[in-house]
file start-v3.txt (compact mmCIF, C-alpha atoms)
# COMPACT_ATOMS: atom_id res chain seq x y z
CA MET A 1 -30.91 -17.36 -54.70
CA GLU A 2 -31.41 -20.57 -56.68
CA THR A 3 -34.52 -21.80 -54.89
CA ILE A 4 -37.89 -21.46 -56.59
CA ILE A 5 -40.19 -19.21 -54.55
CA ALA A 6 -43.95 -19.76 -54.69
CA VAL A 7 -46.09 -16.88 -53.48
CA VAL A 8 -49.49 -18.30 -52.60
CA GLY A 9 -52.08 -15.58 -52.54
CA GLY A 10 -49.74 -13.84 -54.92
CA THR A 11 -52.45 -11.85 -56.67
CA GLY A 12 -53.13 -9.79 -53.56
CA ALA A 13 -51.30 -6.55 -52.80
CA GLU A 14 -48.88 -8.01 -50.27
CA GLY A 15 -48.13 -11.13 -52.29
CA SER A 16 -47.71 -9.24 -55.54
CA GLY A 17 -45.41 -6.74 -53.87
CA LEU A 18 -43.20 -9.45 -52.39
CA ALA A 19 -43.20 -11.43 -55.63
CA ALA A 20 -42.19 -8.37 -57.64
CA ARG A 21 -39.34 -7.61 -55.25
CA PHE A 22 -38.06 -11.18 -55.31
CA ALA A 23 -38.33 -11.33 -59.10
CA LYS A 24 -36.47 -8.05 -59.38
CA ALA A 25 -33.65 -9.58 -57.35
CA GLY A 26 -33.38 -12.36 -59.94
CA VAL A 27 -35.25 -15.10 -58.09
CA GLN A 28 -37.53 -17.44 -60.00
CA VAL A 29 -40.99 -16.69 -58.66
CA ARG A 30 -44.28 -18.50 -59.12
CA ILE A 31 -47.52 -16.73 -58.35
CA GLY A 32 -50.21 -18.99 -56.93
CA SER A 33 -53.93 -18.23 -56.81
CA ARG A 34 -57.20 -20.11 -56.56
CA ASN A 35 -57.85 -18.61 -60.01
CA LEU A 36 -55.30 -19.62 -62.65
CA GLU A 37 -56.07 -16.70 -64.97
CA LYS A 38 -55.63 -14.15 -62.21
CA ALA A 39 -52.32 -15.76 -61.28
CA GLN A 40 -51.11 -15.63 -64.86
CA GLU A 41 -52.21 -12.02 -65.21
CA ALA A 42 -50.36 -11.03 -62.00
CA ALA A 43 -47.27 -12.90 -63.20
CA ARG A 44 -47.37 -11.05 -66.54
CA ARG A 45 -47.50 -7.71 -64.73
CA ILE A 46 -44.38 -8.64 -62.76
CA GLY A 47 -42.51 -10.09 -65.75
CA SER A 48 -38.92 -11.32 -65.20
CA GLN A 49 -39.74 -15.01 -65.84
CA THR A 50 -42.46 -14.96 -63.19
CA THR A 51 -45.16 -17.54 -63.90
CA GLY A 52 -48.77 -17.94 -62.76
CA HIS A 53 -50.32 -21.16 -61.44
CA THR A 54 -53.05 -22.58 -59.28
CA ASN A 55 -51.89 -22.69 -55.65
CA ALA A 56 -51.31 -26.45 -55.73
CA ASP A 57 -49.24 -26.25 -58.92
CA ALA A 58 -47.28 -23.21 -57.73
CA VAL A 59 -45.93 -24.95 -54.64
CA ALA A 60 -44.93 -28.23 -56.33
CA GLY A 61 -41.13 -28.19 -56.43
CA ALA A 62 -40.79 -24.79 -54.74
CA GLY A 63 -38.16 -24.62 -52.01
CA ILE A 64 -39.84 -21.73 -50.24
CA VAL A 65 -43.59 -21.15 -50.18
CA VAL A 66 -44.74 -17.74 -49.01
CA ILE A 67 -48.38 -17.58 -48.00
CA THR A 68 -49.94 -14.11 -48.10
CA VAL A 69 -53.67 -14.51 -47.72
CA PRO A 70 -56.26 -13.01 -45.38
CA LEU A 71 -56.92 -15.06 -42.26
CA SER A 72 -60.31 -16.04 -43.66
CA ALA A 73 -58.58 -17.87 -46.52
CA GLN A 74 -55.58 -19.29 -44.64
CA VAL A 75 -56.93 -22.69 -43.60
CA GLU A 76 -58.51 -23.45 -46.96
CA THR A 77 -55.37 -22.35 -48.79
CA LEU A 78 -53.10 -24.49 -46.62
CA LYS A 79 -55.35 -27.48 -47.22
CA SER A 80 -55.22 -26.85 -50.95
CA ILE A 81 -51.41 -27.02 -51.05
CA ARG A 82 -50.96 -29.80 -48.51
CA GLY A 83 -50.83 -32.54 -51.13
CA SER A 84 -48.31 -30.86 -53.41
CA ILE A 85 -45.84 -28.97 -51.24
CA ALA A 86 -42.36 -30.52 -51.51
CA PRO A 87 -41.04 -32.49 -48.52
CA GLY A 88 -38.59 -30.23 -46.71
CA ALA A 89 -40.00 -27.04 -48.24
CA ILE A 90 -40.03 -23.93 -46.08
CA LEU A 91 -43.45 -22.40 -45.50
CA VAL A 92 -43.31 -18.66 -44.78
CA ASP A 93 -46.55 -17.57 -43.19
CA ALA A 94 -47.37 -13.85 -43.30
CA THR A 95 -50.95 -14.12 -42.08
CA VAL A 96 -52.13 -11.55 -39.54
CA PRO A 97 -55.16 -12.74 -37.55
CA LEU A 98 -57.23 -9.58 -37.86
CA GLU A 99 -60.77 -9.24 -36.59
CA ILE A 100 -61.91 -8.19 -40.07
CA ALA A 101 -61.97 -11.92 -40.89
CA ILE A 102 -65.23 -12.08 -38.91
CA GLY A 103 -66.52 -8.68 -39.99
CA GLY A 104 -64.74 -6.72 -37.26
CA ARG A 105 -62.04 -4.10 -37.40
CA VAL A 106 -58.88 -4.30 -39.45
CA SER A 107 -56.77 -3.07 -36.54
CA ARG A 108 -58.00 -5.58 -33.94
CA MET A 109 -56.88 -9.16 -33.60
CA LEU A 110 -58.51 -12.51 -33.06
CA THR A 111 -57.10 -15.00 -30.58
CA LEU A 112 -56.47 -18.26 -32.39
CA TRP A 113 -56.54 -21.62 -30.65
CA ASP A 114 -52.96 -22.32 -31.73
CA GLY A 115 -51.71 -18.97 -30.45
CA SER A 116 -50.85 -17.45 -33.82
CA ALA A 117 -51.63 -17.82 -37.49
CA ALA A 118 -48.15 -19.21 -38.08
CA GLN A 119 -48.61 -21.90 -35.44
CA GLN A 120 -51.95 -22.71 -37.02
CA ALA A 121 -50.12 -23.15 -40.32
CA ALA A 122 -47.59 -25.44 -38.65
CA ARG A 123 -50.39 -27.61 -37.29
CA LEU A 124 -52.03 -27.86 -40.70
CA LEU A 125 -48.77 -28.66 -42.53
CA PRO A 126 -46.96 -30.94 -40.10
CA GLY A 127 -44.16 -31.74 -42.54
CA ALA A 128 -43.12 -28.19 -43.39
CA ALA A 129 -40.55 -25.95 -41.69
CA VAL A 130 -42.77 -23.00 -40.86
CA VAL A 131 -41.29 -19.53 -40.54
CA ALA A 132 -43.34 -16.45 -39.65
CA ALA A 133 -42.23 -13.39 -41.60
CA PHE A 134 -43.17 -10.47 -43.84
CA HIS A 135 -46.29 -9.46 -41.85
CA ALA A 136 -45.18 -5.89 -41.44
CA LEU A 137 -43.79 -4.98 -44.87
CA SER A 138 -46.10 -2.39 -46.40
CA ALA A 139 -47.67 -3.60 -49.66
CA GLU A 140 -47.63 -0.02 -50.95
CA ALA A 141 -43.94 0.35 -50.19
CA LEU A 142 -43.17 -3.01 -51.79
CA ALA A 143 -44.96 -1.93 -54.97
CA LYS A 144 -42.66 1.06 -55.44
CA LEU A 145 -39.96 -1.06 -56.99
CA ASP A 146 -37.49 1.77 -57.41
CA HIS A 147 -37.60 2.77 -53.72
CA PRO A 148 -35.88 0.95 -50.88
CA LEU A 149 -38.07 0.03 -47.93
CA ASP A 150 -37.44 1.60 -44.53
CA CYS A 151 -38.23 -1.26 -42.19
CA ASP A 152 -36.96 -4.40 -40.53
CA ALA A 153 -38.31 -7.86 -41.29
CA LEU A 154 -38.81 -9.77 -38.05
CA ILE A 155 -38.54 -13.50 -38.61
CA CYS A 156 -39.28 -16.38 -36.26
CA GLY A 157 -39.37 -20.13 -36.56
CA ASP A 158 -38.09 -23.34 -34.99
CA SER A 159 -35.65 -24.36 -37.76
CA ALA A 160 -32.42 -22.32 -37.79
CA GLU A 161 -31.75 -23.45 -41.35
CA ALA A 162 -35.17 -22.38 -42.57
CA LYS A 163 -34.85 -19.02 -40.81
CA ALA A 164 -31.46 -18.44 -42.42
CA ALA A 165 -32.98 -19.00 -45.86
CA VAL A 166 -35.79 -16.55 -45.12
CA VAL A 167 -33.32 -13.98 -43.76
CA GLN A 168 -31.50 -14.24 -47.07
CA LEU A 169 -34.77 -13.89 -48.99
CA ALA A 170 -35.87 -10.86 -46.96
CA GLU A 171 -32.60 -9.06 -47.48
CA LEU A 172 -32.99 -9.32 -51.24
CA ILE A 173 -35.39 -6.41 -50.77
CA PRO A 174 -33.44 -3.14 -50.67
CA GLY A 175 -33.66 -1.37 -47.33
CA VAL A 176 -34.88 -4.39 -45.41
CA ARG A 177 -32.87 -5.69 -42.46
CA ALA A 178 -33.88 -9.17 -41.33
CA ILE A 179 -34.01 -9.79 -37.58
CA ASP A 180 -34.13 -13.20 -35.93
CA ALA A 181 -37.03 -12.96 -33.49
CA GLY A 182 -36.75 -16.42 -31.98
CA PRO A 183 -38.89 -19.55 -32.09
CA LEU A 184 -42.25 -19.91 -33.83
CA ASP A 185 -43.83 -19.47 -30.41
CA ASN A 186 -43.04 -15.75 -30.83
CA ALA A 187 -45.12 -15.45 -34.00
CA ARG A 188 -48.02 -13.87 -32.13
CA LEU A 189 -45.73 -10.97 -31.20
CA LEU A 190 -44.86 -10.39 -34.86
CA GLU A 191 -48.49 -10.68 -35.92
CA SER A 192 -49.44 -8.19 -33.22
CA ALA A 193 -46.69 -5.80 -34.32
CA ALA A 194 -48.19 -5.89 -37.83
CA ALA A 195 -51.62 -5.09 -36.42
CA LEU A 196 -50.05 -2.15 -34.60
CA LEU A 197 -48.67 -0.81 -37.89
CA ILE A 198 -52.04 -1.27 -39.60
CA SER A 199 -53.61 0.68 -36.76
CA LEU A 200 -51.02 3.45 -37.11
CA ASN A 201 -51.59 3.57 -40.88
CA LEU A 202 -55.30 4.15 -40.31
CA ARG A 203 -54.83 6.67 -37.54
CA HIS A 204 -52.10 8.68 -39.23
CA LYS A 205 -53.60 8.39 -42.73
CA VAL A 206 -50.51 6.79 -44.26
CA LYS A 207 -50.00 3.45 -45.97
CA GLU A 208 -46.35 2.74 -45.51
CA SER A 209 -45.63 2.75 -41.80
CA GLY A 210 -42.89 0.33 -40.88
CA MET A 211 -40.85 -0.72 -37.89
CA ARG A 212 -37.14 -0.44 -37.16
CA ILE A 213 -35.61 -2.08 -34.11
CA THR A 214 -32.87 -0.02 -32.51
CA GLY A 215 -30.19 -1.06 -30.04
CA LEU A 216 -29.21 -4.41 -31.57
CA LYS A 217 -25.55 -5.15 -32.10
CA SER A 218 -24.35 -5.49 -35.69
CA GLY A 219 -27.48 -6.41 -37.63
CA GLY A 220 -30.23 -8.67 -36.53
CA HIS A 221 -28.96 -12.14 -37.39
CA LEU A 222 -27.66 -14.55 -34.81
CA MET B 1 -44.04 21.11 -17.30
CA GLU B 2 -45.72 22.46 -14.14
CA THR B 3 -47.62 19.31 -13.20
CA ILE B 4 -46.35 17.15 -10.36
CA ILE B 5 -45.48 13.66 -11.64
CA ALA B 6 -45.78 10.69 -9.30
CA VAL B 7 -43.94 7.55 -10.36
CA VAL B 8 -45.53 4.64 -8.52
CA GLY B 9 -43.18 1.69 -8.45
CA GLY B 10 -40.52 4.32 -8.81
CA THR B 11 -37.83 2.30 -7.04
CA GLY B 12 -37.73 -0.26 -9.85
CA ALA B 13 -35.41 0.10 -12.83
CA GLU B 14 -38.05 1.36 -15.26
CA GLY B 15 -39.65 3.76 -12.78
CA SER B 16 -36.32 5.12 -11.54
CA GLY B 17 -35.15 5.64 -15.10
CA LEU B 18 -38.28 7.54 -16.08
CA ALA B 19 -38.24 9.56 -12.85
CA ALA B 20 -34.61 10.54 -13.36
CA ARG B 21 -35.30 11.65 -16.92
CA PHE B 22 -38.32 13.72 -15.92
CA ALA B 23 -36.43 15.26 -12.99
CA LYS B 24 -33.53 16.10 -15.29
CA ALA B 25 -35.98 17.97 -17.52
CA GLY B 26 -36.98 20.11 -14.55
CA VAL B 27 -40.24 18.40 -13.62
CA GLN B 28 -41.16 17.96 -9.95
CA VAL B 29 -41.16 14.20 -9.45
CA ARG B 30 -42.36 12.10 -6.55
CA ILE B 31 -41.18 8.53 -6.18
CA GLY B 32 -43.80 6.20 -4.74
CA SER B 33 -43.14 2.79 -3.22
CA ARG B 34 -44.77 0.39 -0.80
CA ASN B 35 -41.67 1.01 1.30
CA LEU B 36 -41.17 4.66 2.31
CA GLU B 37 -37.46 4.31 3.02
CA LYS B 38 -36.76 2.73 -0.35
CA ALA B 39 -38.70 5.55 -2.01
CA GLN B 40 -36.71 8.18 -0.15
CA GLU B 41 -33.44 6.46 -1.01
CA ALA B 42 -34.37 6.29 -4.72
CA ALA B 43 -35.38 9.95 -4.63
CA ARG B 44 -32.04 10.93 -3.05
CA ARG B 45 -30.17 9.11 -5.82
CA ILE B 46 -32.08 11.11 -8.40
CA GLY B 47 -31.77 14.42 -6.61
CA SER B 48 -33.18 17.55 -8.32
CA GLN B 49 -35.95 18.11 -5.73
CA THR B 50 -37.25 14.58 -6.23
CA THR B 51 -39.01 13.28 -3.10
CA GLY B 52 -39.86 9.80 -1.85
CA HIS B 53 -43.26 8.73 -0.48
CA THR B 54 -45.53 5.82 0.09
CA ASN B 55 -47.57 5.15 -3.05
CA ALA B 56 -50.73 6.67 -1.58
CA ASP B 57 -48.93 9.84 -0.50
CA ALA B 58 -47.04 10.16 -3.78
CA VAL B 59 -50.16 10.35 -5.90
CA ALA B 60 -52.07 12.83 -3.71
CA GLY B 61 -52.08 16.09 -5.68
CA ALA B 62 -50.10 14.72 -8.62
CA GLY B 63 -51.45 15.66 -12.05
CA ILE B 64 -49.91 12.65 -13.74
CA VAL B 65 -49.37 9.29 -12.05
CA VAL B 66 -47.08 6.87 -13.87
CA ILE B 67 -47.37 3.27 -12.73
CA THR B 68 -44.35 1.08 -13.45
CA VAL B 69 -44.80 -2.15 -11.55
CA PRO B 70 -44.71 -5.82 -12.55
CA LEU B 71 -48.08 -7.28 -13.47
CA SER B 72 -48.11 -9.25 -10.23
CA ALA B 73 -48.19 -5.98 -8.27
CA GLN B 74 -50.45 -3.91 -10.53
CA VAL B 75 -53.86 -4.64 -9.01
CA GLU B 76 -52.68 -4.25 -5.42
CA THR B 77 -50.85 -1.03 -6.29
CA LEU B 78 -53.84 0.46 -8.05
CA LYS B 79 -56.04 -0.38 -5.08
CA SER B 80 -53.52 1.27 -2.76
CA ILE B 81 -53.70 4.60 -4.62
CA ARG B 82 -57.41 4.55 -5.41
CA GLY B 83 -58.34 6.58 -2.35
CA SER B 84 -55.77 9.32 -2.80
CA ILE B 85 -55.40 9.92 -6.54
CA ALA B 86 -56.64 13.40 -7.46
CA PRO B 87 -59.92 13.67 -9.38
CA GLY B 88 -59.03 14.35 -13.00
CA ALA B 89 -55.49 13.00 -12.64
CA ILE B 90 -53.98 11.17 -15.58
CA LEU B 91 -52.91 7.59 -14.90
CA VAL B 92 -50.14 6.40 -17.20
CA ASP B 93 -49.97 2.62 -17.14
CA ALA B 94 -46.75 1.00 -18.34
CA THR B 95 -47.53 -2.53 -17.20
CA VAL B 96 -46.67 -5.36 -19.57
CA PRO B 97 -48.66 -8.54 -18.83
CA LEU B 98 -45.77 -10.99 -18.97
CA GLU B 99 -46.07 -14.66 -18.16
CA ILE B 100 -43.33 -14.33 -15.57
CA ALA B 101 -46.03 -13.02 -13.23
CA ILE B 102 -47.15 -16.63 -12.87
CA GLY B 103 -43.66 -18.10 -12.97
CA GLY B 104 -43.51 -18.41 -16.76
CA ARG B 105 -41.26 -16.74 -19.30
CA VAL B 106 -40.42 -13.08 -19.41
CA SER B 107 -40.97 -12.92 -23.17
CA ARG B 108 -44.44 -14.48 -23.21
CA MET B 109 -47.69 -12.76 -22.40
CA LEU B 110 -50.77 -13.49 -20.38
CA THR B 111 -54.22 -12.77 -21.75
CA LEU B 112 -56.05 -10.57 -19.29
CA TRP B 113 -59.80 -10.54 -18.95
CA ASP B 114 -59.92 -6.81 -19.75
CA GLY B 115 -57.78 -7.25 -22.87
CA SER B 116 -54.73 -5.36 -21.62
CA ALA B 117 -53.08 -4.24 -18.41
CA ALA B 118 -54.03 -0.64 -19.18
CA GLN B 119 -57.70 -1.55 -19.59
CA GLN B 120 -57.48 -3.44 -16.33
CA ALA B 121 -56.14 -0.26 -14.75
CA ALA B 122 -59.03 1.74 -16.21
CA ARG B 123 -61.52 -0.70 -14.70
CA LEU B 124 -59.90 -0.46 -11.30
CA LEU B 125 -59.67 3.36 -11.34
CA PRO B 126 -62.94 4.38 -12.98
CA GLY B 127 -62.40 8.10 -12.36
CA ALA B 128 -58.95 8.44 -13.93
CA ALA B 129 -58.00 9.24 -17.53
CA VAL B 130 -55.90 6.18 -18.31
CA VAL B 131 -53.16 6.39 -20.91
CA ALA B 132 -50.97 3.42 -21.88
CA ALA B 133 -47.37 4.45 -22.47
CA PHE B 134 -43.68 3.92 -21.73
CA HIS B 135 -43.79 0.10 -21.96
CA ALA B 136 -41.01 -0.09 -24.49
CA LEU B 137 -38.47 2.42 -23.20
CA SER B 138 -35.39 0.49 -22.06
CA ALA B 139 -34.65 0.97 -18.35
CA GLU B 140 -30.94 0.64 -19.09
CA ALA B 141 -31.12 3.33 -21.77
CA LEU B 142 -33.14 5.61 -19.49
CA ALA B 143 -30.49 5.26 -16.78
CA LYS B 144 -27.76 6.63 -19.03
CA LEU B 145 -28.80 10.20 -18.38
CA ASP B 146 -26.25 11.75 -20.69
CA HIS B 147 -27.33 9.70 -23.71
CA PRO B 148 -30.44 10.34 -25.80
CA LEU B 149 -32.73 7.36 -26.35
CA ASP B 150 -33.21 5.93 -29.82
CA CYS B 151 -36.86 4.94 -29.76
CA ASP B 152 -40.43 6.08 -30.16
CA ALA B 153 -42.94 6.19 -27.32
CA LEU B 154 -46.25 4.79 -28.49
CA ILE B 155 -49.13 6.24 -26.52
CA CYS B 156 -52.80 5.31 -26.48
CA GLY B 157 -55.82 6.37 -24.51
CA ASP B 158 -59.38 7.56 -24.81
CA SER B 159 -58.85 11.17 -23.68
CA ALA B 160 -57.19 13.38 -26.28
CA GLU B 161 -56.27 15.89 -23.59
CA ALA B 162 -54.63 13.26 -21.39
CA LYS B 163 -52.74 11.84 -24.35
CA ALA B 164 -51.46 15.30 -25.27
CA ALA B 165 -50.08 15.74 -21.74
CA VAL B 166 -48.33 12.37 -21.91
CA VAL B 167 -46.94 13.17 -25.36
CA GLN B 168 -45.44 16.30 -23.85
CA LEU B 169 -44.04 14.33 -20.91
CA ALA B 170 -42.52 11.65 -23.18
CA GLU B 171 -40.81 14.20 -25.35
CA LEU B 172 -39.00 15.65 -22.36
CA ILE B 173 -36.74 12.63 -22.77
CA PRO B 174 -34.07 13.39 -25.37
CA GLY B 175 -34.33 11.20 -28.45
CA VAL B 176 -37.88 10.08 -27.80
CA ARG B 177 -40.59 10.77 -30.35
CA ALA B 178 -44.12 10.31 -29.04
CA ILE B 179 -46.64 8.65 -31.35
CA ASP B 180 -50.39 8.68 -30.90
CA ALA B 181 -51.42 5.03 -31.22
CA GLY B 182 -55.16 5.50 -30.85
CA PRO B 183 -57.70 4.55 -28.19
CA LEU B 184 -57.01 2.59 -25.01
CA ASP B 185 -58.41 -0.42 -26.83
CA ASN B 186 -55.06 -0.55 -28.66
CA ALA B 187 -53.07 -0.94 -25.43
CA ARG B 188 -52.64 -4.67 -25.94
CA LEU B 189 -50.75 -3.92 -29.16
CA LEU B 190 -48.34 -1.66 -27.28
CA GLU B 191 -47.93 -4.17 -24.47
CA SER B 192 -47.23 -6.88 -27.03
CA ALA B 193 -44.68 -4.67 -28.80
CA ALA B 194 -42.87 -4.30 -25.47
CA ALA B 195 -42.86 -8.08 -25.01
CA LEU B 196 -41.36 -8.36 -28.50
CA LEU B 197 -38.52 -6.04 -27.51
CA ILE B 198 -37.92 -7.98 -24.29
CA SER B 199 -37.74 -11.13 -26.38
CA LEU B 200 -35.26 -9.49 -28.77
CA ASN B 201 -33.14 -8.30 -25.83
CA LEU B 202 -32.87 -11.85 -24.54
CA ARG B 203 -32.22 -13.39 -27.93
CA HIS B 204 -29.69 -10.81 -29.09
CA LYS B 205 -28.04 -10.40 -25.67
CA VAL B 206 -28.66 -6.66 -25.48
CA LYS B 207 -30.60 -4.56 -22.99
CA GLU B 208 -31.53 -1.49 -24.92
CA SER B 209 -33.51 -2.59 -27.95
CA GLY B 210 -36.09 -0.04 -28.96
CA MET B 211 -38.63 0.60 -31.67
CA ARG B 212 -38.85 3.32 -34.27
CA ILE B 213 -41.90 3.67 -36.51
CA THR B 214 -41.07 4.72 -40.06
CA GLY B 215 -43.33 6.13 -42.76
CA LEU B 216 -45.38 8.55 -40.65
CA LYS B 217 -45.82 12.09 -41.86
CA SER B 218 -44.24 14.85 -39.77
CA GLY B 219 -43.89 13.30 -36.34
CA GLY B 220 -46.34 11.07 -34.62
CA HIS B 221 -48.86 13.46 -33.10
CA LEU B 222 -52.30 14.02 -34.55
call {"tool": "encode", "arguments": {"input": "start-v3.txt", "output": "structure tokens"}}
result
Amino acid sequence: METIIAVVGGTGAEGSGLAARFAKAGVQVRIGSRNLEKAQEAARRIGSQTTGHTNADAVAGAGIVVITVPLSAQVETLKSIRGSIAPGAILVDATVPLEIAIGGRVSRMLTLWDGSAAQQAARLLPGAAVVAAFHALSAEALAKLDHPLDCDALICGDSAEAKAAVVQLAELIPGVRAIDAGPLDNARLLESAAALLISLNLRHKVKESGMRITGLKSGGHL
Amino acid sequence: METIIAVVGGTGAEGSGLAARFAKAGVQVRIGSRNLEKAQEAARRIGSQTTGHTNADAVAGAGIVVITVPLSAQVETLKSIRGSIAPGAILVDATVPLEIAIGGRVSRMLTLWDGSAAQQAARLLPGAAVVAAFHALSAEALAKLDHPLDCDALICGDSAEAKAAVVQLAELIPGVRAIDAGPLDNARLLESAAALLISLNLRHKVKESGMRITGLKSGGHL
């Protein structure tokens, strides 16, 4: 994949895991963070030409921007990149609206005015093609670079072209099958599925639960 | 399993499929319907000692009552069995609060005041041990009696004893692994996961999509 990928919130576990997987597949990855030094440090750990930047700098010129931040940081982060994201860039939102954002439980969800975190992102970045994806990929599993994942990546969005690019990105990760889950309106179902896995992780004392969809014909693309 | 199972709404596709699977496993099953003749006809199709009853008669003396009705019929159905359900009976609610109940889309959900259809059931039947389960088992797959299913049955509820009974019931269906998904408070996550599968069925033009959870240690029980 030739496109530059910016992972905003890339110093966190989920962002670092995704960034490391993309970098391993030969993609040029930029780690974005509010804190430049932390971003550079995370990029050094990943290696493979990965570079660290402030969020605004990371997204400038990137074809795909993956945002992996807690809900409590999503709005502020989107505002911080609004001025520098390239026209036509794809924004992949992986935010899960968990109640922990207001001090509640990690396995319960908040109802957002827009319906989902991804739709909230679309409202805040009206120019971008927003795709909801990567909510349910275990950070712990992503970090084990030598092991394939055992899960599907459910992907939804309103631009077929943008979804196709994210399908391609997702399937750079060994073991991951990308599944087209429809329009962005379905994002709340994907965010809820991620909350279900978080709940199962807690209950079953594991960290790498995942989800496979059975019964689809020949892969999950359309 | 010695317990009598009543399947209320047992003339519908989901209820008939579950009833047929339980009957095939040797369980004594009663089909309940608003319409006695339809219930008796559905029971005859299933055979294996299955009997047809009005909903109120079906649940009298049953140890486990499985309710498989559309959201638009759930409240009325629960009220119709409230007077005859045995004290201490387990109520398994499989209702998915889909928008189609108000003329909307089958793949979108309604937000219920109680948080989930199962919690609504618990409010309406304060004496019963309510367990949320069976939302995501494909009716079409259930109907193919000679084929094992390829999916997990996620089960939640506040009574460990009731959940254990439903785990046992679920695993009478070949191919199904039952997974403890926590307290009844989590039911909205299971209902949402079912809506996700319905959405995938529509989008991918299949009827038997299912869900497998990966990454759990040794089965899904606790």
call {"tool": "closest_atom_pairs", "arguments": {"input": "start-v3.txt", "of": "chain A", "to": "chain B", "cutoff": "7 Å", "atoms": "all atoms listed in the file", "output": "Markdown table"}}
result
| residue | atom | partner | partner_atom | distance |
| --- | --- | --- | --- | --- |
| A:Asp150 | CA | B:Thr214 | CA | 6.5 |
| A:Cys151 | CA | B:Thr214 | CA | 7.0 |
| A:Ala181 | CA | B:Leu200 | CA | 6.1 |
| A:Gly182 | CA | B:Arg203 | CA | 6.8 |
| A:Leu189 | CA | B:Leu196 | CA | 5.8 |
| A:Ser192 | CA | B:Leu189 | CA | 6.0 |
| A:Ala193 | CA | B:Ala193 | CA | 6.0 |
| A:Leu196 | CA | B:Leu189 | CA | 5.8 |
| A:Leu200 | CA | B:Ala181 | CA | 6.1 |
| A:Arg203 | CA | B:Gly182 | CA | 6.8 |
| A:His204 | CA | B:Leu216 | CA | 6.9 |
| A:Val206 | CA | B:Leu216 | CA | 6.5 |
| A:Glu208 | CA | B:Gly215 | CA | 5.3 |
| A:Ser209 | CA | B:Gly215 | CA | 4.2 |
| A:Gly210 | CA | B:Thr214 | CA | 4.8 |
| A:Met211 | CA | B:Ile213 | CA | 4.7 |
| A:Arg212 | CA | B:Arg212 | CA | 5.0 |
| A:Ile213 | CA | B:Met211 | CA | 4.7 |
| A:Thr214 | CA | B:Gly210 | CA | 4.8 |
| A:Gly215 | CA | B:Ser209 | CA | 4.2 |
| A:Leu216 | CA | B:Ser209 | CA | 5.9 |
call {"tool": "residues_around", "arguments": {"input": "start-v3.txt", "residues": "Gly17 of chain A", "least_positions_apart": "5", "cutoff": "6 Å", "atoms": "only C-alpha atoms", "output": "list in words"}}
result
Ala139, Leu142 and Ala143 of chain A
call {"tool": "axis_aligned_box", "arguments": {"input": "start-v3.txt", "around": "segment 97-108 of chain B", "padding_each_side": "3 Å", "output": "JSON"}}
result
{"center_x": -44.5, "center_y": -13.5, "center_z": -18.0, "size_x": 14.2, "size_y": 15.9, "size_z": 16.3}
call {"tool": "residues_around", "arguments": {"input": "start-v3.txt", "residues": "Glu37 of chain B", "least_positions_apart": "4", "cutoff": "9 Å", "atoms": "all atoms listed in the file", "output": "PyMOL selection string"}}
result
chain B and resi 33+41-42+52-54
call {"tool": "closest_residue", "arguments": {"input": "start-v3.txt", "among": "A:Val166, A:Leu112, A:Ile67, A:Leu125", "to": "Ser84 of chain A", "atoms": "only C-alpha atoms"}}
result
A:Leu125
call {"tool": "atom_distance", "arguments": {"input": "start-v3.txt", "atom1": "atom CA of Ala170 of chain B", "atom2": "atom CA of Arg123 of chain B"}}
result
24.2 Å
call {"tool": "atom_distance", "arguments": {"input": "start-v3.txt", "atom1": "atom CA of Cys156 of chain A", "atom2": "atom CA of Ile31 of chain A"}}
result
23.6 Å
call {"tool": "residues_near_point", "arguments": {"input": "start-v3.txt", "point": "(-50.4, 10.5, -8.5)", "cutoff": "7 Å", "atoms": "all atoms listed in the file", "output": "CSV table (one decimal) with C-alpha atoms, in the coordinates of the input"}}
result
chain,number,residue,atom,x,y,z
B,5,ILE,CA,-45.5,13.7,-11.6
B,6,ALA,CA,-45.8,10.7,-9.3
B,58,ALA,CA,-47.0,10.2,-3.8
B,59,VAL,CA,-50.2,10.4,-5.9
B,60,ALA,CA,-52.1,12.8,-3.7
B,61,GLY,CA,-52.1,16.1,-5.7
B,62,ALA,CA,-50.1,14.7,-8.6
B,63,GLY,CA,-51.4,15.7,-12.0
B,64,ILE,CA,-49.9,12.6,-13.7
B,65,VAL,CA,-49.4,9.3,-12.0
B,85,ILE,CA,-55.4,9.9,-6.5
B,86,ALA,CA,-56.6,13.4,-7.5
